[in-house]
Amino acid sequence: MTALLADVAGEVGRRLLAIRHAPTSDLGPSWYDTAQVLRFRLREPRLLPDDLAYAGLVSLLEAQQPDGGWGPPEMSRGYRTVPTLAAATMLCALGTAQPPEPMRTRAATATRAALTYLAADPHALAPAALPDLIAVEFTVPALLESLVRALAPDDAALPGVRVALSLHRDGLRALHRHRAAAASGARLPAAAHYSLEVLDGLPAAFAARPLADGSLACSPAATAAAAAWSGRPSPAAAGYLTAEGRRLGGAWPTVAPVTVFEAAHLAGVADRAGLTLPAAVSAGLGPWLAAQLGEAGCGAGPALAPDSDDTAIVLVALQALGRPADVRLLAPYEHPTHFATFPGERSVSSSTNAHVLEALCGARDAGSRDAFIRRGIAVAGTYLLDVQHPDGHWDDKWHASPYYATASAVAALRRLPDPRSRAAVARAADWVRGTRRSDGAWGRWRGTREETAYAWQISGAAAGARLPETPGGAALWHAKELYEPRRITGTLALIATAGGHR
C-alpha cells in the first residue's frame, strides 16, 4: 500500500471510529419528512419549540424550486412527487391555521405554485410513473387523498388532483385496508412502523415504547405522527425531533440515526479498496458492530427492523475487521430464486443479493463448507446473473443510480470463479466505459463524485487517476424519498481520489 493510501486508510479509520460514537447520522434534508413533521406539529404544538417550527417552515419554503416543485429539476418528475405532495399538503393545512404576515402571504404563494405544478400533469403522478421508493404505494395515495379533502370545491387545482387520485384507486383501497387492519388490532409488520404516518391514527395494538433515541423506526415523520396521535408526546420523541431538526437548521432527514449502516458500509468500502485499516478500528468498531446482530440479524439503525441487506453489510464489515460472525443469520431471508430484504417486500433488490453473496463468499473463503453457504452462493449469484441488463448494468430498489447497483453486483461476482460471472463483470466494465459523460464524470442526471467513484470501481481505473471535478453531493439513495448519506459518499470520493480500488 502506497504512502498516500496509508494516509487514506488512517483517515477512513478515524471516520469509522467517529461514527461509532456519533449521536446520529449525517444525512441531508428530506422535504417529505420536514413537511410531515411540520404538519403534525400543527396538530400537536408540543412536538417542537416555536423557533424550530418557524425555521422548518422557512427551510421548506426556500427549498421550493421555481417551477413550484421540490427536488432538483434535473430529476425525473416521479422522484419529485413525494416531497412536493407532502409540502403542498402541509401548506394547505397551514393555511387553515392562518399564520401571521408576512409568512401567510409567502406560504399562500408557495401553496398555489405547488398545486399548479401537481395539477399540470396528473398522469405524471400515476403509479407507473413513480420510482420504487419505500412505502410509495401508500404515501402518494394518502397525500393525494388529504389534498383532495383540503382543497376548496372551486380550487383550480382540484380537478387535476382528483384525476391523480383516481389513478391510485387500487393503492387507495389497499391503504384503507391497511388502516382498517391497524384500527382493528391487527399487528403491523415491524417494517411498517417506518411509514406509520400513512395511517389516520395510532394502531389499536400499538405500544409506544420509548427507545434510547426517542424515535419510532428512526423516522422523523413516523415519530411525529405517533407522538401527535398519542395525545401526550413523550419527552424522548420531542427531544429526538428537536435534536434532528436543529442539526439541519430547520429540516429533518428521512431516516436517522442509521450509524450501523454508515459504519458497516464504510468498512466494506475500505476493504474492497484494499485499504489496511489501523488495528484500533477493529478493536473499537468490531465488538460494537457484532453487538448489533440479534437472532434475525440487524437493521440500519437501533430502532429499525432487521433486514438481510444491513445484516449482510455488517457481516461483510466484520469479516473485513477480522471478527467474522455467523452468516447463517441470512438463512431466514432465502427464497428459491433470491434473497429477500425483508418479509413481504414488493420487489427484489439486486444490491441486497450482492451483499449477501459477498458475505457468503467471505465465509466460504474462510474455510466454511456449510451447505447453506454453498446453496446461498448459488442462489444469490444466479439471481444477479439473471437480472443483469443486456448492456451490462444492474438497477436496484435502494438507489436511483445504476452505477451503485452495478458496483455492488460486480464486487460480489468478482468473488466467483466461473466463466459466466467473469463475462458479466466484463460486460459491466464495457457499459461503464460507454456511459462516461462529456465532462469526464459519470452520473444518471449529472456527473457526481459518488457515481464516478462507482464507475472507477467497476471499470478498474488506474490507481492515482484524478477524480473529475464534478459538482458536490447529490441525493441518490432510496428511502421514502431520495437522500444522501454524506459520510459514505464523502469517503467514497476520498478513496477514489487516492486511486484506492482494486
# chains A, B, ... in the order shown; residues from 1 in each chain; ligands from 1

call {"tool": "residues_around", "arguments": {"residues": "Leu133 of chain A", "least_positions_apart": "2", "cutoff": "6 Å", "atoms": "only C-alpha atoms", "output": "ChimeraX atom specification"}}
result
/A:131,136,478-480

call {"tool": "select_by_dssp", "arguments": {"residues": "segment 299-442 of chain A", "states": "alpha helix (DSSP H)", "output": "ChimeraX atom specification"}}
result
/A:308-320,350-365,371-387,402-413,419-434

call {"tool": "write_last_selection", "arguments": {"atoms": "C-alpha atoms", "output": "PDB file, in the first residue's frame"}}
result
ATOM      1  CA  SER A 308     -30.965  -9.084   5.155  1.00  0.00           C
ATOM      2  CA  ASP A 309     -29.244  -6.157   3.425  1.00  0.00           C
ATOM      3  CA  ASP A 310     -27.983  -4.459   6.579  1.00  0.00           C
ATOM      4  CA  THR A 311     -27.269  -7.852   8.148  1.00  0.00           C
ATOM      5  CA  ALA A 312     -25.111  -8.816   5.160  1.00  0.00           C
ATOM      6  CA  ILE A 313     -23.328  -5.445   5.163  1.00  0.00           C
ATOM      7  CA  VAL A 314     -22.487  -5.873   8.848  1.00  0.00           C
ATOM      8  CA  LEU A 315     -21.303  -9.455   8.253  1.00  0.00           C
ATOM      9  CA  VAL A 316     -19.023  -8.267   5.427  1.00  0.00           C
ATOM     10  CA  ALA A 317     -17.673  -5.481   7.653  1.00  0.00           C
ATOM     11  CA  LEU A 318     -16.941  -7.914  10.486  1.00  0.00           C
ATOM     12  CA  GLN A 319     -15.113 -10.207   8.078  1.00  0.00           C
ATOM     13  CA  ALA A 320     -13.013  -7.249   6.931  1.00  0.00           C
ATOM     14  CA  SER A 350     -30.047  -6.659  -6.649  1.00  0.00           C
ATOM     15  CA  SER A 351     -27.750  -4.898  -4.165  1.00  0.00           C
ATOM     16  CA  THR A 352     -29.173  -6.947  -1.286  1.00  0.00           C
ATOM     17  CA  ASN A 353     -28.357 -10.133  -3.170  1.00  0.00           C
ATOM     18  CA  ALA A 354     -24.905  -8.767  -3.979  1.00  0.00           C
ATOM     19  CA  HIS A 355     -24.195  -8.014  -0.313  1.00  0.00           C
ATOM     20  CA  VAL A 356     -25.495 -11.435   0.714  1.00  0.00           C
ATOM     21  CA  LEU A 357     -23.265 -13.049  -1.905  1.00  0.00           C
ATOM     22  CA  GLU A 358     -20.244 -11.131  -0.582  1.00  0.00           C
ATOM     23  CA  ALA A 359     -20.936 -12.248   2.985  1.00  0.00           C
ATOM     24  CA  LEU A 360     -21.378 -15.876   1.972  1.00  0.00           C
ATOM     25  CA  CYS A 361     -18.237 -15.841  -0.181  1.00  0.00           C
ATOM     26  CA  GLY A 362     -16.317 -14.419   2.765  1.00  0.00           C
ATOM     27  CA  ALA A 363     -17.428 -17.326   4.921  1.00  0.00           C
ATOM     28  CA  ARG A 364     -16.562 -19.782   2.127  1.00  0.00           C
ATOM     29  CA  ASP A 365     -13.110 -18.253   1.700  1.00  0.00           C
ATOM     30  CA  ALA A 371     -24.473 -26.478   2.942  1.00  0.00           C
ATOM     31  CA  PHE A 372     -26.425 -23.236   3.378  1.00  0.00           C
ATOM     32  CA  ILE A 373     -23.387 -21.220   2.310  1.00  0.00           C
ATOM     33  CA  ARG A 374     -22.872 -23.278  -0.846  1.00  0.00           C
ATOM     34  CA  ARG A 375     -26.563 -23.109  -1.725  1.00  0.00           C
ATOM     35  CA  GLY A 376     -26.857 -19.409  -0.872  1.00  0.00           C
ATOM     36  CA  ILE A 377     -23.897 -18.531  -3.083  1.00  0.00           C
ATOM     37  CA  ALA A 378     -25.597 -20.319  -5.967  1.00  0.00           C
ATOM     38  CA  VAL A 379     -28.957 -18.636  -5.289  1.00  0.00           C
ATOM     39  CA  ALA A 380     -27.650 -15.064  -4.942  1.00  0.00           C
ATOM     40  CA  GLY A 381     -25.095 -15.439  -7.729  1.00  0.00           C
ATOM     41  CA  THR A 382     -27.598 -16.879 -10.183  1.00  0.00           C
ATOM     42  CA  TYR A 383     -30.100 -14.142  -9.355  1.00  0.00           C
ATOM     43  CA  LEU A 384     -27.550 -11.426 -10.113  1.00  0.00           C
ATOM     44  CA  LEU A 385     -26.529 -13.027 -13.380  1.00  0.00           C
ATOM     45  CA  ASP A 386     -30.152 -13.426 -14.441  1.00  0.00           C
ATOM     46  CA  VAL A 387     -31.154  -9.800 -13.822  1.00  0.00           C
ATOM     47  CA  PRO A 402     -27.430   2.131 -11.869  1.00  0.00           C
ATOM     48  CA  TYR A 403     -23.777   2.749 -11.003  1.00  0.00           C
ATOM     49  CA  TYR A 404     -24.413   1.823  -7.356  1.00  0.00           C
ATOM     50  CA  ALA A 405     -26.247  -1.392  -8.246  1.00  0.00           C
ATOM     51  CA  THR A 406     -23.641  -2.304 -10.830  1.00  0.00           C
ATOM     52  CA  ALA A 407     -20.727  -1.643  -8.484  1.00  0.00           C
ATOM     53  CA  SER A 408     -22.403  -3.796  -5.815  1.00  0.00           C
ATOM     54  CA  ALA A 409     -23.021  -6.666  -8.237  1.00  0.00           C
ATOM     55  CA  VAL A 410     -19.522  -6.508  -9.720  1.00  0.00           C
ATOM     56  CA  ALA A 411     -17.840  -6.522  -6.288  1.00  0.00           C
ATOM     57  CA  ALA A 412     -19.743  -9.695  -5.413  1.00  0.00           C
ATOM     58  CA  LEU A 413     -19.424 -11.503  -8.751  1.00  0.00           C
ATOM     59  CA  PRO A 419     -16.898 -18.031 -16.725  1.00  0.00           C
ATOM     60  CA  ARG A 420     -20.433 -16.624 -16.636  1.00  0.00           C
ATOM     61  CA  SER A 421     -19.561 -14.354 -13.699  1.00  0.00           C
ATOM     62  CA  ARG A 422     -16.358 -13.180 -15.366  1.00  0.00           C
ATOM     63  CA  ALA A 423     -18.287 -12.379 -18.547  1.00  0.00           C
ATOM     64  CA  ALA A 424     -20.894 -10.416 -16.577  1.00  0.00           C
ATOM     65  CA  VAL A 425     -18.175  -8.335 -14.921  1.00  0.00           C
ATOM     66  CA  ALA A 426     -16.599  -7.654 -18.314  1.00  0.00           C
ATOM     67  CA  ARG A 427     -19.938  -6.510 -19.749  1.00  0.00           C
ATOM     68  CA  ALA A 428     -20.391  -4.166 -16.791  1.00  0.00           C
ATOM     69  CA  ALA A 429     -16.976  -2.631 -17.394  1.00  0.00           C
ATOM     70  CA  ASP A 430     -17.801  -2.124 -21.074  1.00  0.00           C
ATOM     71  CA  TRP A 431     -21.083  -0.441 -20.119  1.00  0.00           C
ATOM     72  CA  VAL A 432     -19.264   1.942 -17.785  1.00  0.00           C
ATOM     73  CA  ARG A 433     -16.701   2.891 -20.406  1.00  0.00           C
ATOM     74  CA  GLY A 434     -19.516   3.624 -22.838  1.00  0.00           C
TER      75      GLY A 434
END

call {"tool": "atom_distance", "arguments": {"atom1": "atom CA of Ala238 of chain A", "atom2": "atom CA of Arg43 of chain A"}}
result
13.8 Å

call {"tool": "residues_around", "arguments": {"residues": "Arg169 of chain A", "least_positions_apart": "2", "cutoff": "12 Å", "atoms": "only C-alpha atoms", "output": "VMD selection string"}}
result
chain A and resid 126 to 127 137 to 138 140 to 142 144 to 145 162 to 167 171 to 176

call {"tool": "residues_around", "arguments": {"residues": "segment 184-201 of chain A", "least_positions_apart": "3", "cutoff": "7 Å", "atoms": "only C-alpha atoms", "output": "short mmCIF file (atom, residue, chain, number, x, y, z; two decimals) with C-alpha atoms, in the first residue's frame"}}
result
data_model
loop_
_atom_site.label_atom_id
_atom_site.label_comp_id
_atom_site.auth_asym_id
_atom_site.auth_seq_id
_atom_site.Cartn_x
_atom_site.Cartn_y
_atom_site.Cartn_z
CA ALA A 135 -44.00 2.80 1.00
CA PHE A 138 -49.16 4.26 0.48
CA THR A 139 -47.54 7.68 0.81
CA ALA A 142 -52.51 9.09 1.36
CA ARG A 179 -55.72 1.40 8.05
CA ALA A 180 -58.72 -0.78 8.92
CA ALA A 181 -56.47 -3.67 9.91
CA ALA A 204 -55.07 -0.33 18.21
CA ALA A 205 -52.27 -2.75 19.12
CA LEU A 216 -40.13 5.40 16.03
CA ALA A 217 -38.27 3.34 13.42
CA SER A 219 -38.27 8.09 11.09
CA ALA A 221 -42.33 11.55 10.01
CA ALA A 222 -43.49 8.39 11.78
CA ALA A 225 -47.31 11.12 13.71
CA TRP A 229 -51.77 10.95 17.83
CA ALA A 305 -36.47 -3.79 11.94
#

call {"tool": "closest_residue", "arguments": {"among": "A:Asp155, A:Glu450, A:Asp67, A:Glu295", "to": "Trp477 of chain A", "atoms": "only C-alpha atoms"}}
result
A:Glu450

call {"tool": "closest_residue", "arguments": {"among": "A:Tyr79, A:Phe342, A:Trp456, A:Trp31", "to": "Ser59 of chain A", "atoms": "only C-alpha atoms"}}
result
A:Trp31

call {"tool": "select_by_dssp", "arguments": {"residues": "segment 265-402 of chain A", "states": "strand (DSSP E or B)", "output": "VMD selection string"}}
result
chain A and resid 294 297 to 298 307 334 339 396 399

call {"tool": "write_last_selection", "arguments": {"atoms": "C-alpha atoms", "output": "mmCIF file, in the first residue's frame"}}
result
data_model
loop_
_atom_site.group_PDB
_atom_site.id
_atom_site.type_symbol
_atom_site.label_atom_id
_atom_site.label_comp_id
_atom_site.auth_asym_id
_atom_site.auth_seq_id
_atom_site.Cartn_x
_atom_site.Cartn_y
_atom_site.Cartn_z
ATOM 1 C CA GLY A 294 -29.620 -10.413 17.002
ATOM 2 C CA GLY A 297 -29.748 -10.018 12.091
ATOM 3 C CA CYS A 298 -29.927 -6.247 12.331
ATOM 4 C CA ASP A 307 -33.302 -6.959 7.216
ATOM 5 C CA GLU A 334 -33.530 -17.180 1.469
ATOM 6 C CA PHE A 339 -32.729 -13.455 -1.018
ATOM 7 C CA ASP A 396 -31.771 -1.512 -7.725
ATOM 8 C CA HIS A 399 -30.558 3.614 -5.178
#

call {"tool": "closest_residue", "arguments": {"among": "A:Pro306, A:Pro100, A:Gly284, A:Pro122", "to": "Arg77 of chain A", "atoms": "only C-alpha atoms"}}
result
A:Pro122

call {"tool": "residues_around", "arguments": {"residues": "Thr34 of chain A", "least_positions_apart": "4", "cutoff": "10 Å", "atoms": "only C-alpha atoms", "output": "PyMOL selection string"}}
result
chain A and resi 29-30+38-39+53+56-57+59-60+83+86-87+90+220-221+245+250-254

call {"tool": "write_last_selection", "arguments": {"atoms": "C-alpha atoms", "output": "compact mmCIF listing (two decimals), in the first residue's frame"}}
result
# COMPACT_ATOMS: atom_id res chain seq x y z
CA PRO A 29 -32.69 17.11 4.50
CA SER A 30 -35.82 15.28 3.40
CA LEU A 38 -44.44 20.41 10.48
CA ARG A 39 -47.89 19.13 9.54
CA ALA A 53 -41.09 25.13 13.77
CA GLY A 56 -38.57 24.49 9.46
CA LEU A 57 -41.23 26.38 7.56
CA SER A 59 -36.41 25.95 5.11
CA LEU A 60 -39.29 24.22 3.37
CA PRO A 83 -41.75 15.71 -1.45
CA ALA A 86 -46.08 16.40 1.23
CA ALA A 87 -45.13 20.06 1.08
CA MET A 90 -48.68 20.70 4.79
CA PRO A 220 -39.00 11.75 11.90
CA ALA A 221 -42.33 11.55 10.01
CA GLY A 245 -34.34 19.47 13.33
CA GLY A 250 -34.78 23.61 10.45
CA ALA A 251 -35.17 20.45 8.39
CA TRP A 252 -35.43 16.73 9.07
CA PRO A 253 -33.74 13.71 7.45
CA THR A 254 -35.64 10.77 6.02

call {"tool": "residues_around", "arguments": {"residues": "Ala120 of chain A", "least_positions_apart": "3", "cutoff": "7 Å", "atoms": "only C-alpha atoms", "output": "list of chain:residue names"}}
result
A:Thr116, A:Tyr117, A:Gly160

call {"tool": "write_last_selection", "arguments": {"atoms": "C-alpha atoms", "output": "PDB file, in the first residue's frame"}}
result
ATOM      1  CA  THR A 116     -50.177  24.269 -10.111  1.00  0.00           C
ATOM      2  CA  TYR A 117     -47.113  22.022 -10.500  1.00  0.00           C
ATOM      3  CA  GLY A 160     -56.162  17.589 -11.633  1.00  0.00           C
TER       4      GLY A 160
END

call {"tool": "atom_distance", "arguments": {"atom1": "atom CA of Leu492 of chain A", "atom2": "atom CA of Gly268 of chain A"}}
result
11.1 Å

call {"tool": "closest_atom_pairs", "arguments": {"of": "segment 1-111 of chain A", "to": "segment 272-276 of chain A", "cutoff": "10 Å", "atoms": "only C-alpha atoms", "output": "Markdown table"}}
result
| residue | atom | partner | partner_atom | distance |
| --- | --- | --- | --- | --- |
| A:Met1 | CA | A:Leu275 | CA | 7.5 |
| A:Thr2 | CA | A:Leu275 | CA | 9.9 |
| A:Leu5 | CA | A:Leu275 | CA | 6.9 |
| A:Ala6 | CA | A:Leu275 | CA | 7.3 |
| A:Asp7 | CA | A:Leu275 | CA | 9.8 |
| A:Val8 | CA | A:Leu275 | CA | 8.0 |
| A:Ala9 | CA | A:Leu275 | CA | 5.5 |
| A:Gly10 | CA | A:Thr276 | CA | 8.5 |
| A:Val12 | CA | A:Leu275 | CA | 9.0 |
| A:Gly13 | CA | A:Thr276 | CA | 9.2 |

call {"tool": "atom_distance", "arguments": {"atom1": "atom CA of Asp395 of chain A", "atom2": "atom CA of Phe261 of chain A"}}
result
20.5 Å

call {"tool": "residues_around", "arguments": {"residues": "Leu61 of chain A", "least_positions_apart": "3", "cutoff": "12 Å", "atoms": "only C-alpha atoms", "output": "PDB file with C-alpha atoms, in the first residue's frame"}}
result
ATOM      1  CA  TRP A  31     -38.571  17.681   2.346  1.00  0.00           C
ATOM      2  CA  THR A  34     -39.806  18.052   7.019  1.00  0.00           C
ATOM      3  CA  ALA A  35     -43.303  18.706   5.681  1.00  0.00           C
ATOM      4  CA  TYR A  54     -40.659  28.566  12.198  1.00  0.00           C
ATOM      5  CA  ALA A  55     -37.159  27.692  10.945  1.00  0.00           C
ATOM      6  CA  GLY A  56     -38.566  24.495   9.460  1.00  0.00           C
ATOM      7  CA  LEU A  57     -41.228  26.379   7.560  1.00  0.00           C
ATOM      8  CA  VAL A  58     -38.649  28.826   6.223  1.00  0.00           C
ATOM      9  CA  GLN A  64     -39.183  25.109  -3.389  1.00  0.00           C
ATOM     10  CA  GLN A  65     -37.948  25.235  -6.966  1.00  0.00           C
ATOM     11  CA  PRO A  66     -39.006  27.968  -9.442  1.00  0.00           C
ATOM     12  CA  GLY A  68     -43.298  25.032  -7.887  1.00  0.00           C
ATOM     13  CA  GLY A  69     -41.999  21.568  -7.029  1.00  0.00           C
ATOM     14  CA  TRP A  70     -39.472  20.239  -4.549  1.00  0.00           C
ATOM     15  CA  THR A  84     -43.948  18.069  -3.476  1.00  0.00           C
ATOM     16  CA  ALA A  87     -45.134  20.064   1.077  1.00  0.00           C
ATOM     17  CA  ALA A  88     -48.387  21.054  -0.661  1.00  0.00           C
ATOM     18  CA  MET A  90     -48.676  20.703   4.785  1.00  0.00           C
ATOM     19  CA  LEU A  91     -49.025  24.197   3.319  1.00  0.00           C
ATOM     20  CA  MET A 103     -45.445  34.362   6.345  1.00  0.00           C
ATOM     21  CA  ARG A 104     -49.123  33.990   5.417  1.00  0.00           C
ATOM     22  CA  THR A 105     -48.673  35.625   2.015  1.00  0.00           C
ATOM     23  CA  ARG A 106     -45.411  33.803   1.326  1.00  0.00           C
ATOM     24  CA  ALA A 107     -46.916  30.427   2.215  1.00  0.00           C
ATOM     25  CA  ALA A 108     -50.018  31.107   0.135  1.00  0.00           C
ATOM     26  CA  THR A 109     -47.893  31.905  -2.907  1.00  0.00           C
ATOM     27  CA  ALA A 110     -45.867  28.725  -2.393  1.00  0.00           C
ATOM     28  CA  THR A 111     -49.049  26.670  -1.987  1.00  0.00           C
ATOM     29  CA  ALA A 113     -47.256  27.237  -7.121  1.00  0.00           C
ATOM     30  CA  ALA A 114     -47.072  23.690  -5.692  1.00  0.00           C
ATOM     31  CA  GLY A 250     -34.780  23.608  10.449  1.00  0.00           C
ATOM     32  CA  ALA A 251     -35.174  20.450   8.387  1.00  0.00           C
TER      33      ALA A 251
END

call {"tool": "decode", "arguments": {"residues": "segment 25-56 of chain A", "atoms": "C-alpha atoms", "output": "mmCIF file, in the first residue's frame"}}
result
data_model
loop_
_atom_site.group_PDB
_atom_site.id
_atom_site.type_symbol
_atom_site.label_atom_id
_atom_site.label_comp_id
_atom_site.auth_asym_id
_atom_site.auth_seq_id
_atom_site.Cartn_x
_atom_site.Cartn_y
_atom_site.Cartn_z
ATOM 1 C CA SER A 25 -26.149 10.199 11.210
ATOM 2 C CA ASP A 26 -25.038 12.732 8.630
ATOM 3 C CA LEU A 27 -27.832 12.815 6.065
ATOM 4 C CA GLY A 28 -29.157 15.744 4.106
ATOM 5 C CA PRO A 29 -32.689 17.108 4.495
ATOM 6 C CA SER A 30 -35.823 15.283 3.396
ATOM 7 C CA TRP A 31 -38.571 17.681 2.346
ATOM 8 C CA TYR A 32 -41.121 14.893 2.728
ATOM 9 C CA ASP A 33 -40.191 14.343 6.364
ATOM 10 C CA THR A 34 -39.806 18.052 7.019
ATOM 11 C CA ALA A 35 -43.303 18.706 5.681
ATOM 12 C CA GLN A 36 -44.784 15.810 7.648
ATOM 13 C CA VAL A 37 -43.136 16.863 10.922
ATOM 14 C CA LEU A 38 -44.440 20.408 10.482
ATOM 15 C CA ARG A 39 -47.890 19.131 9.542
ATOM 16 C CA PHE A 40 -48.171 17.013 12.695
ATOM 17 C CA ARG A 41 -46.805 19.885 14.725
ATOM 18 C CA LEU A 42 -49.861 21.888 13.672
ATOM 19 C CA ARG A 43 -51.911 19.202 15.399
ATOM 20 C CA GLU A 44 -49.646 18.932 18.449
ATOM 21 C CA PRO A 45 -47.616 22.115 19.165
ATOM 22 C CA ARG A 46 -45.646 20.384 21.941
ATOM 23 C CA LEU A 47 -43.696 18.416 19.338
ATOM 24 C CA LEU A 48 -41.316 21.310 18.580
ATOM 25 C CA PRO A 49 -40.233 24.659 20.029
ATOM 26 C CA ASP A 50 -41.766 27.646 18.235
ATOM 27 C CA ASP A 51 -38.452 28.866 16.832
ATOM 28 C CA LEU A 52 -37.636 25.473 15.330
ATOM 29 C CA ALA A 53 -41.085 25.126 13.771
ATOM 30 C CA TYR A 54 -40.659 28.566 12.198
ATOM 31 C CA ALA A 55 -37.159 27.692 10.945
ATOM 32 C CA GLY A 56 -38.566 24.495 9.460
#
